[in-house]
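K.L.:
One file is attached below, upload04.pdb, containing PDB, C-alpha atoms.
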```pdb
ATOM      1  CA  MET O   1       0.000   0.000   0.000  1.00  0.00           C
ATOM      2  CA  THR O   2       1.410   3.370  -1.008  1.00  0.00           C
ATOM      3  CA  HIS O   3       1.317   6.064   1.646  1.00  0.00           C
ATOM      4  CA  HIS O   4       0.089   9.359   0.227  1.00  0.00           C
ATOM      5  CA  ARG O   5       1.449  12.432   1.991  1.00  0.00           C
ATOM      6  CA  PRO O   6      -0.986  15.347   1.828  1.00  0.00           C
ATOM      7  CA  ASP O   7       0.334  18.353  -0.050  1.00  0.00           C
ATOM      8  CA  VAL O   8      -0.842  21.784  -1.099  1.00  0.00           C
ATOM      9  CA  ASN O   9      -2.586  20.364  -4.133  1.00  0.00           C
ATOM     10  CA  ASP O  10      -4.849  18.243  -1.908  1.00  0.00           C
ATOM     11  CA  ASN O  11      -5.528  20.573   0.995  1.00  0.00           C
ATOM     12  CA  PRO O  12      -4.195  24.067   1.697  1.00  0.00           C
ATOM     13  CA  GLU O  13      -4.203  23.486   5.444  1.00  0.00           C
ATOM     14  CA  ALA O  14      -1.951  20.448   4.974  1.00  0.00           C
ATOM     15  CA  ALA O  15       0.682  22.784   3.548  1.00  0.00           C
ATOM     16  CA  LEU O  16       0.928  24.495   6.894  1.00  0.00           C
ATOM     17  CA  THR O  17       2.896  21.378   7.838  1.00  0.00           C
ATOM     18  CA  LEU O  18       5.756  22.907   5.871  1.00  0.00           C
ATOM     19  CA  MET O  19       6.500  24.848   9.064  1.00  0.00           C
ATOM     20  CA  ASP O  20       6.800  21.518  10.891  1.00  0.00           C
ATOM     21  CA  LEU O  21       9.766  20.543   8.715  1.00  0.00           C
ATOM     22  CA  PHE O  22      11.904  23.014  10.648  1.00  0.00           C
ATOM     23  CA  PRO O  23      10.500  23.243  14.172  1.00  0.00           C
ATOM     24  CA  ALA O  24      12.250  25.917  16.179  1.00  0.00           C
ATOM     25  CA  ALA O  25      11.114  28.118  19.018  1.00  0.00           C
ATOM     26  CA  GLY O  26      10.139  31.564  17.840  1.00  0.00           C
ATOM     27  CA  HIS O  27      10.093  30.695  14.133  1.00  0.00           C
ATOM     28  CA  ARG O  28       6.492  29.602  13.789  1.00  0.00           C
ATOM     29  CA  PRO O  29       4.260  32.538  12.905  1.00  0.00           C
ATOM     30  CA  ARG O  30       0.549  32.523  13.626  1.00  0.00           C
ATOM     31  CA  MET O  31      -1.241  32.172  10.301  1.00  0.00           C
ATOM     32  CA  GLU O  32      -4.851  32.232   9.227  1.00  0.00           C
ATOM     33  CA  LEU O  33      -6.303  31.459   5.816  1.00  0.00           C
ATOM     34  CA  VAL O  34      -7.870  34.428   4.008  1.00  0.00           C
ATOM     35  CA  ALA O  35      -9.541  34.846   0.627  1.00  0.00           C
ATOM     36  CA  ALA O  36      -7.538  36.483  -2.162  1.00  0.00           C
ATOM     37  CA  CYS O  37      -9.900  39.475  -2.009  1.00  0.00           C
ATOM     38  CA  GLU O  38      -8.969  39.946   1.675  1.00  0.00           C
ATOM     39  CA  VAL O  39      -5.282  40.442   0.862  1.00  0.00           C
ATOM     40  CA  PRO O  40      -4.813  44.228   0.906  1.00  0.00           C
ATOM     41  CA  PRO O  41      -2.578  46.234  -1.412  1.00  0.00           C
ATOM     42  CA  PRO O  42       0.372  46.206  -1.866  1.00  0.00           C
ATOM     43  CA  TYR O  43       0.449  42.603  -0.625  1.00  0.00           C
ATOM     44  CA  ARG O  44      -2.173  41.632  -3.212  1.00  0.00           C
ATOM     45  CA  ASP O  45       0.188  42.612  -6.042  1.00  0.00           C
ATOM     46  CA  LEU O  46       2.995  40.646  -4.403  1.00  0.00           C
ATOM     47  CA  LEU O  47       1.015  37.461  -3.732  1.00  0.00           C
ATOM     48  CA  VAL O  48      -2.158  37.082  -5.801  1.00  0.00           C
ATOM     49  CA  HIS O  49      -0.678  35.985  -9.131  1.00  0.00           C
ATOM     50  CA  THR O  50       0.812  32.969 -10.907  1.00  0.00           C
ATOM     51  CA  HIS O  51       4.379  34.244 -11.221  1.00  0.00           C
ATOM     52  CA  HIS O  52       7.526  33.322  -9.331  1.00  0.00           C
ATOM     53  CA  MET O  53       7.980  35.346  -6.170  1.00  0.00           C
ATOM     54  CA  THR O  54      11.607  35.994  -7.144  1.00  0.00           C
ATOM     55  CA  VAL O  55      10.545  37.956 -10.228  1.00  0.00           C
ATOM     56  CA  THR O  56       7.677  39.686  -8.436  1.00  0.00           C
ATOM     57  CA  LEU O  57       9.845  40.778  -5.499  1.00  0.00           C
ATOM     58  CA  GLU O  58      12.607  42.007  -7.815  1.00  0.00           C
ATOM     59  CA  ALA O  59      10.108  44.140  -9.728  1.00  0.00           C
ATOM     60  CA  PHE O  60       8.553  45.515  -6.535  1.00  0.00           C
ATOM     61  CA  HIS O  61      11.908  46.319  -4.922  1.00  0.00           C
ATOM     62  CA  ARG O  62      13.453  47.504  -8.215  1.00  0.00           C
ATOM     63  CA  GLY O  63      16.464  45.236  -8.051  1.00  0.00           C
ATOM     64  CA  PRO O  64      17.699  41.694  -7.577  1.00  0.00           C
ATOM     65  CA  VAL O  65      17.198  39.576  -4.485  1.00  0.00           C
ATOM     66  CA  HIS O  66      19.582  36.948  -3.186  1.00  0.00           C
ATOM     67  CA  LEU O  67      19.061  33.735  -1.286  1.00  0.00           C
ATOM     68  CA  GLN O  68      20.059  32.916   2.270  1.00  0.00           C
ATOM     69  CA  VAL O  69      19.420  29.292   3.241  1.00  0.00           C
ATOM     70  CA  LEU O  70      18.718  29.129   6.981  1.00  0.00           C
ATOM     71  CA  ALA O  71      18.271  25.352   7.169  1.00  0.00           C
ATOM     72  CA  SER O  72      17.865  22.451   4.770  1.00  0.00           C
ATOM     73  CA  MET O  73      17.149  18.754   4.849  1.00  0.00           C
ATOM     74  CA  GLN O  74      17.155  15.988   2.306  1.00  0.00           C
ATOM     75  CA  SER O  75      15.712  12.504   2.451  1.00  0.00           C
ATOM     76  CA  ASP O  76      15.025  10.029  -0.314  1.00  0.00           C
ATOM     77  CA  ASP O  77      13.352  11.971  -3.086  1.00  0.00           C
ATOM     78  CA  TRP O  78      12.718  15.190  -1.140  1.00  0.00           C
ATOM     79  CA  TYR O  79      14.725  18.299  -0.412  1.00  0.00           C
ATOM     80  CA  ALA O  80      13.395  21.055   1.824  1.00  0.00           C
ATOM     81  CA  ARG O  81      14.811  24.399   2.858  1.00  0.00           C
ATOM     82  CA  ARG O  82      13.876  27.337   5.064  1.00  0.00           C
ATOM     83  CA  ILE O  83      15.078  30.560   3.452  1.00  0.00           C
ATOM     84  CA  LEU O  84      15.202  34.302   3.420  1.00  0.00           C
ATOM     85  CA  LEU O  85      15.267  36.394   0.266  1.00  0.00           C
ATOM     86  CA  ARG O  86      17.270  39.572   0.789  1.00  0.00           C
ATOM     87  CA  ARG O  87      17.349  42.702  -1.306  1.00  0.00           C
ATOM     88  CA  HIS O  88      20.729  43.427  -2.883  1.00  0.00           C
ATOM     89  CA  GLY O  89      22.258  46.673  -1.739  1.00  0.00           C
ATOM     90  CA  ASP O  90      20.908  46.996   1.794  1.00  0.00           C
ATOM     91  CA  ASN O  91      20.523  43.231   2.502  1.00  0.00           C
ATOM     92  CA  GLU O  92      17.005  43.832   3.884  1.00  0.00           C
ATOM     93  CA  VAL O  93      14.864  40.691   4.216  1.00  0.00           C
ATOM     94  CA  VAL O  94      11.944  40.828   1.779  1.00  0.00           C
ATOM     95  CA  GLN O  95      10.634  37.260   2.137  1.00  0.00           C
ATOM     96  CA  PHE O  96      10.713  34.294   4.498  1.00  0.00           C
ATOM     97  CA  GLY O  97       9.890  30.960   2.940  1.00  0.00           C
ATOM     98  CA  ILE O  98       9.940  27.202   3.061  1.00  0.00           C
ATOM     99  CA  ALA O  99      10.060  24.998  -0.007  1.00  0.00           C
ATOM    100  CA  ARG O 100       9.717  21.223  -0.276  1.00  0.00           C
ATOM    101  CA  ILE O 101      10.955  19.926  -3.626  1.00  0.00           C
ATOM    102  CA  ARG O 102      10.501  16.500  -5.190  1.00  0.00           C
ATOM    103  CA  LEU O 103      13.954  16.022  -6.689  1.00  0.00           C
ATOM    104  CA  SER O 104      12.979  13.203  -9.068  1.00  0.00           C
ATOM    105  CA  TYR O 105      10.838  15.733 -10.975  1.00  0.00           C
ATOM    106  CA  CYS O 106      13.880  17.952 -11.570  1.00  0.00           C
ATOM    107  CA  LEU O 107      16.416  17.573 -14.362  1.00  0.00           C
ATOM    108  CA  PRO O 108      19.958  16.879 -13.077  1.00  0.00           C
ATOM    109  CA  GLU O 109      21.217  20.417 -13.775  1.00  0.00           C
ATOM    110  CA  VAL O 110      18.158  21.919 -12.036  1.00  0.00           C
ATOM    111  CA  ARG O 111      18.612  19.569  -9.069  1.00  0.00           C
ATOM    112  CA  SER O 112      22.286  20.563  -8.789  1.00  0.00           C
ATOM    113  CA  ALA O 113      21.494  24.283  -8.886  1.00  0.00           C
ATOM    114  CA  ILE O 114      18.772  23.897  -6.239  1.00  0.00           C
ATOM    115  CA  LEU O 115      20.976  21.827  -3.928  1.00  0.00           C
ATOM    116  CA  ALA O 116      23.829  24.346  -4.303  1.00  0.00           C
ATOM    117  CA  GLY O 117      21.638  26.827  -2.402  1.00  0.00           C
ATOM    118  CA  LYS O 118      23.084  29.929  -4.049  1.00  0.00           C
ATOM    119  CA  THR O 119      20.231  31.088  -6.294  1.00  0.00           C
ATOM    120  CA  PRO O 120      16.528  31.640  -5.532  1.00  0.00           C
ATOM    121  CA  LEU O 121      14.340  28.788  -6.797  1.00  0.00           C
ATOM    122  CA  GLY O 122      12.404  30.955  -9.244  1.00  0.00           C
ATOM    123  CA  ARG O 123      15.623  32.236 -10.809  1.00  0.00           C
ATOM    124  CA  VAL O 124      16.968  28.647 -11.142  1.00  0.00           C
ATOM    125  CA  LEU O 125      13.818  27.506 -12.947  1.00  0.00           C
ATOM    126  CA  ILE O 126      13.810  30.543 -15.233  1.00  0.00           C
ATOM    127  CA  GLU O 127      17.522  30.278 -16.090  1.00  0.00           C
ATOM    128  CA  GLN O 128      17.192  26.529 -16.759  1.00  0.00           C
ATOM    129  CA  ASP O 129      14.135  27.230 -18.955  1.00  0.00           C
ATOM    130  CA  VAL O 130      12.025  24.638 -17.142  1.00  0.00           C
ATOM    131  CA  LEU O 131       8.380  24.395 -18.215  1.00  0.00           C
ATOM    132  CA  ARG O 132       6.675  25.527 -15.019  1.00  0.00           C
ATOM    133  CA  HIS O 133       3.312  26.564 -13.698  1.00  0.00           C
ATOM    134  CA  VAL O 134       2.961  28.410 -10.387  1.00  0.00           C
ATOM    135  CA  VAL O 135      -0.316  27.670  -8.610  1.00  0.00           C
ATOM    136  CA  PRO O 136      -1.309  29.802  -5.617  1.00  0.00           C
ATOM    137  CA  VAL O 137      -3.360  27.510  -3.391  1.00  0.00           C
ATOM    138  CA  ALA O 138      -4.188  29.682  -0.395  1.00  0.00           C
ATOM    139  CA  PHE O 139      -3.462  33.094   1.045  1.00  0.00           C
ATOM    140  CA  LEU O 140      -2.519  33.845   4.630  1.00  0.00           C
ATOM    141  CA  ARG O 141      -2.647  36.672   7.136  1.00  0.00           C
ATOM    142  CA  VAL O 142       0.530  36.250   9.177  1.00  0.00           C
ATOM    143  CA  MET O 143       1.555  37.423  12.611  1.00  0.00           C
ATOM    144  CA  PRO O 144       5.297  36.590  12.677  1.00  0.00           C
ATOM    145  CA  GLY O 145       6.881  34.821  15.629  1.00  0.00           C
ATOM    146  CA  PRO O 146       9.852  36.523  17.361  1.00  0.00           C
ATOM    147  CA  ALA O 147      12.577  35.213  15.027  1.00  0.00           C
ATOM    148  CA  VAL O 148      10.681  36.011  11.825  1.00  0.00           C
ATOM    149  CA  ALA O 149       9.722  39.443  13.192  1.00  0.00           C
ATOM    150  CA  GLU O 150      13.394  40.131  13.901  1.00  0.00           C
ATOM    151  CA  TRP O 151      14.426  39.068  10.382  1.00  0.00           C
ATOM    152  CA  PHE O 152      11.719  41.337   8.989  1.00  0.00           C
ATOM    153  CA  GLY O 153      12.775  44.239  11.182  1.00  0.00           C
ATOM    154  CA  SER O 154       9.299  44.330  12.711  1.00  0.00           C
ATOM    155  CA  HIS O 155      10.639  46.542  15.447  1.00  0.00           C
ATOM    156  CA  ARG O 156       9.174  49.237  13.183  1.00  0.00           C
ATOM    157  CA  GLY O 157       5.803  48.330  14.685  1.00  0.00           C
ATOM    158  CA  LEU O 158       4.521  46.308  11.710  1.00  0.00           C
ATOM    159  CA  PHE O 159       3.451  42.966  13.107  1.00  0.00           C
ATOM    160  CA  VAL O 160       1.034  41.735  10.446  1.00  0.00           C
ATOM    161  CA  THR O 161       1.950  40.662   6.971  1.00  0.00           C
ATOM    162  CA  TYR O 162       0.656  38.292   4.309  1.00  0.00           C
ATOM    163  CA  GLY O 163       1.800  35.164   2.545  1.00  0.00           C
ATOM    164  CA  ARG O 164       0.715  32.377   0.308  1.00  0.00           C
ATOM    165  CA  LEU O 165       0.862  28.638  -0.007  1.00  0.00           C
ATOM    166  CA  GLY O 166       1.507  27.359  -3.462  1.00  0.00           C
ATOM    167  CA  ALA O 167       2.615  24.610  -5.736  1.00  0.00           C
ATOM    168  CA  ILE O 168       4.968  24.740  -8.668  1.00  0.00           C
ATOM    169  CA  HIS O 169       4.428  22.190 -11.409  1.00  0.00           C
ATOM    170  CA  LEU O 170       7.554  21.332 -13.392  1.00  0.00           C
ATOM    171  CA  ASP O 171       6.907  19.808 -16.795  1.00  0.00           C
ATOM    172  CA  GLU O 172       3.281  19.354 -15.650  1.00  0.00           C
ATOM    173  CA  LYS O 173       4.251  17.414 -12.485  1.00  0.00           C
ATOM    174  CA  PRO O 174       3.560  18.811  -8.969  1.00  0.00           C
ATOM    175  CA  ALA O 175       7.194  19.115  -7.910  1.00  0.00           C
ATOM    176  CA  VAL O 176       7.364  21.947  -5.367  1.00  0.00           C
ATOM    177  CA  GLU O 177       5.321  23.069  -2.361  1.00  0.00           C
ATOM    178  CA  VAL O 178       6.012  26.548  -1.034  1.00  0.00           C
ATOM    179  CA  LEU O 179       5.134  28.764   1.880  1.00  0.00           C
ATOM    180  CA  GLU O 180       6.039  32.369   1.027  1.00  0.00           C
ATOM    181  CA  ILE O 181       5.649  35.204   3.541  1.00  0.00           C
ATOM    182  CA  VAL O 182       6.563  38.719   2.466  1.00  0.00           C
ATOM    183  CA  ALA O 183       8.097  41.185   4.882  1.00  0.00           C
ATOM    184  CA  PRO O 184       5.720  43.777   6.323  1.00  0.00           C
ATOM    185  CA  ILE O 185       5.499  46.845   4.115  1.00  0.00           C
ATOM    186  CA  PRO O 186       5.301  50.254   5.787  1.00  0.00           C
ATOM    187  CA  PRO O 187       2.305  52.317   4.660  1.00  0.00           C
ATOM    188  CA  ALA O 188       3.049  55.005   2.113  1.00  0.00           C
ATOM    189  CA  ILE O 189       3.637  58.420   3.631  1.00  0.00           C
ATOM    190  CA  PRO O 190       1.399  61.000   1.955  1.00  0.00           C
ATOM    191  CA  GLY O 191       3.400  63.582   0.054  1.00  0.00           C
ATOM    192  CA  ALA O 192       6.634  61.570   0.273  1.00  0.00           C
TER     193      ALA O 192
END
```
Let me see whether you can do it: turn the structure in this file into structure tokens.
P.N.:
Amino acid sequence: MTHHRPDVNDNPEAALTLMDLFPAAGHRPRMELVAACEVPPPYRDLLVHTHHMTVTLEAFHRGPVHLQVLASMQSDDWYARRILLRRHGDNEVVQFGIARIRLSYCLPEVRSAILAGKTPLGRVLIEQDVLRHVVPVAFLRVMPGPAVAEWFGSHRGLFVTYGRLGAIHLDEKPAVEVLEIVAPIPPAIPGA
């Protein structure tokens, strides 16, 4: 009998188990599912779409982002990592995320680039010209835990942000599950 592990394609709430891959005090934010229409601007532009977050964040922040792998694990056919995406220039954290990747669905050169941990996943898939389809599965209102708040610089008094759960299909196979939480965005200052 084959054991089927629930994933984001089956049940959005099952994807919240991505946080359980890397249990650590202070890292687990409080999250609640929200409808896409409940995601306010500018978070809506950052999350409610079918594009890679790498590209979307680079456009929003007007420059490249780089990857920092906080933790990773690999077993059998799976590779998972907990990451930060940082803006080039000031090194500010713009996204916290967790990805679980089915390596057997990746070409060898894609697998090698992912395991090297030097380039954001979206950039790897784009540069390797992999046929891909990004599927947002659910949207989240997020109250970061202490560690995530510190990475985000939430000392600025911004303690709520938004994220999404998604799947990335590679060559029409559900290869990647992602949890992507964007850093809190200060409200625009009128006249600035």
K.L.:
Please, which residues in range 100-187 of chain O fall within 6 Å of range 47-60 of chain O when counting only C-alpha atoms, and what is the closest atom pair and distance in Å to one decimal for each, ordered by chain then residue number, as JSON lines?
P.N.:
```
{"residue": "O:Gly122", "atom": "CA", "partner": "O:His52", "partner_atom": "CA", "distance": 5.4}
{"residue": "O:Val134", "atom": "CA", "partner": "O:Thr50", "partner_atom": "CA", "distance": 5.1}
{"residue": "O:Val135", "atom": "CA", "partner": "O:Thr50", "partner_atom": "CA", "distance": 5.9}
```
K.L.:
Got a sec: who's within 7 Å of Gln68 in chain O, counting all atoms listed in the file, leaving out chain neighbours fewer than 3 positions off, as a ChimeraX atom specification?
P.N.:
/O:83-85
K.L.:
Padding 6 Å on each side, edges along x, y and z: where is the centre of the box around the listed atoms of range 123-131 of chain O, and how long are its edges in Å to one decimal? Output it as AutoDock Vina command-line options.
P.N.:
```
--center_x 13.0 --center_y 28.3 --center_z -14.9 --size_x 21.1 --size_y 19.8 --size_z 20.1
```
K.L.:
Measuring between only C-alpha atoms, which one of O:Lys173, O:Gln74, O:Tyr162, O:Ala138 shows the shortest distance to Pro41 in chain O?
P.N.:
O:Tyr162
K.L.:
Excluding range 105-118 of chain O and any residue of its chain fewer than 5 positions from it, enumerate the residues within 9 Å of it, using all atoms listed in the file, and give them as a PyMOL selection string.
P.N.:
chain O and resi 66-69+79+81+124-125+128+130+170-171+173-175
K.L.:
Applying 12 Å and all atoms listed in the file, which residues near Ala24 in chain O remain after dropping the ones on its own chain fewer than 3 positions away? List them as a tab-separated table (two decimals) with C-alpha atoms, keeping the file's coordinate frame.
P.N.:
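Below you can see around-v5.tsv, which holds the result:
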```
chain	number	residue	atom	x	y	z
O	19	MET	CA	6.50	24.85	9.06
O	20	ASP	CA	6.80	21.52	10.89
O	21	LEU	CA	9.77	20.54	8.72
O	27	HIS	CA	10.09	30.70	14.13
O	28	ARG	CA	6.49	29.60	13.79
O	29	PRO	CA	4.26	32.54	12.90
O	70	LEU	CA	18.72	29.13	6.98
O	71	ALA	CA	18.27	25.35	7.17
O	82	ARG	CA	13.88	27.34	5.06
O	145	GLY	CA	6.88	34.82	15.63
O	146	PRO	CA	9.85	36.52	17.36
O	147	ALA	CA	12.58	35.21	15.03
O	148	VAL	CA	10.68	36.01	11.82
```
K.L.:
Using all atoms listed in the file, give me every residue within 9 Å of (3.6, 31.8, -2.0) in file coordinates, as a count of residues only.
P.N.:
21
K.L.:
With distances taken over all atoms listed in the file, which residue among O:Ala149, O:Ile168, O:Gly63, O:Pro40 lies nearest His133 in chain O?
P.N.:
O:Ile168
K.L.:
Excluding Phe152 in chain O and residues on its chain fewer than 3 positions from it, collect all residues at most 8 Å away from it, counting all atoms listed in the file, and give them as a ChimeraX atom specification.
P.N.:
/O:92-94,148-149,183-184
K.L.:
Restrict the selected residues to C-alpha atoms and save them as a tab-separated table (two decimals), keeping the file's coordinate frame.
P.N.:
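Ended up saving to part23.tsv:
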```
chain	number	residue	atom	x	y	z
O	92	GLU	CA	17.00	43.83	3.88
O	93	VAL	CA	14.86	40.69	4.22
O	94	VAL	CA	11.94	40.83	1.78
O	148	VAL	CA	10.68	36.01	11.82
O	149	ALA	CA	9.72	39.44	13.19
O	183	ALA	CA	8.10	41.18	4.88
O	184	PRO	CA	5.72	43.78	6.32
```
K.L.:
What is the distance, in Å and to one decimal place, between CA of Arg123 in chain O and CA of Ser72 in chain O?
P.N.:
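Taking CA of Arg123 in chain O and CA of Ser72 in chain O, their separation equals 18.5 Å.
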K.L.:
Tell me, in Å to one decimal, how far CA of Arg44 in chain O is from CA of Thr17 in chain O.
P.N.:
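About the pair CA of Arg44 in chain O and CA of Thr17 in chain O: they are 23.6 Å apart.
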K.L.:
Taking into account only C-alpha atoms, which residue in the set O:Gly153, O:Phe22, O:Arg100, O:Glu172 is nearest to Pro186 in chain O?
P.N.:
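Distance minimum relative to Pro186 in chain O lands on O:Gly153.
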K.L.:
If you measure from CA of Leu140 in chain O to CA of Arg102 in chain O, what distance in Å do you get, rounded to one decimal?
P.N.:
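Here the two named atoms are 23.8 Å from each other.
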K.L.:
Restricting the calculation to all atoms listed in the file: of O:Pro120, O:Arg141, O:Glu150, O:His88, which residue gets closest to Ala35 in chain O?
P.N.:
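Of O:Pro120, O:Arg141, O:Glu150, O:His88, the one nearest Ala35 in chain O, counting all atoms listed in the file, is O:Arg141.
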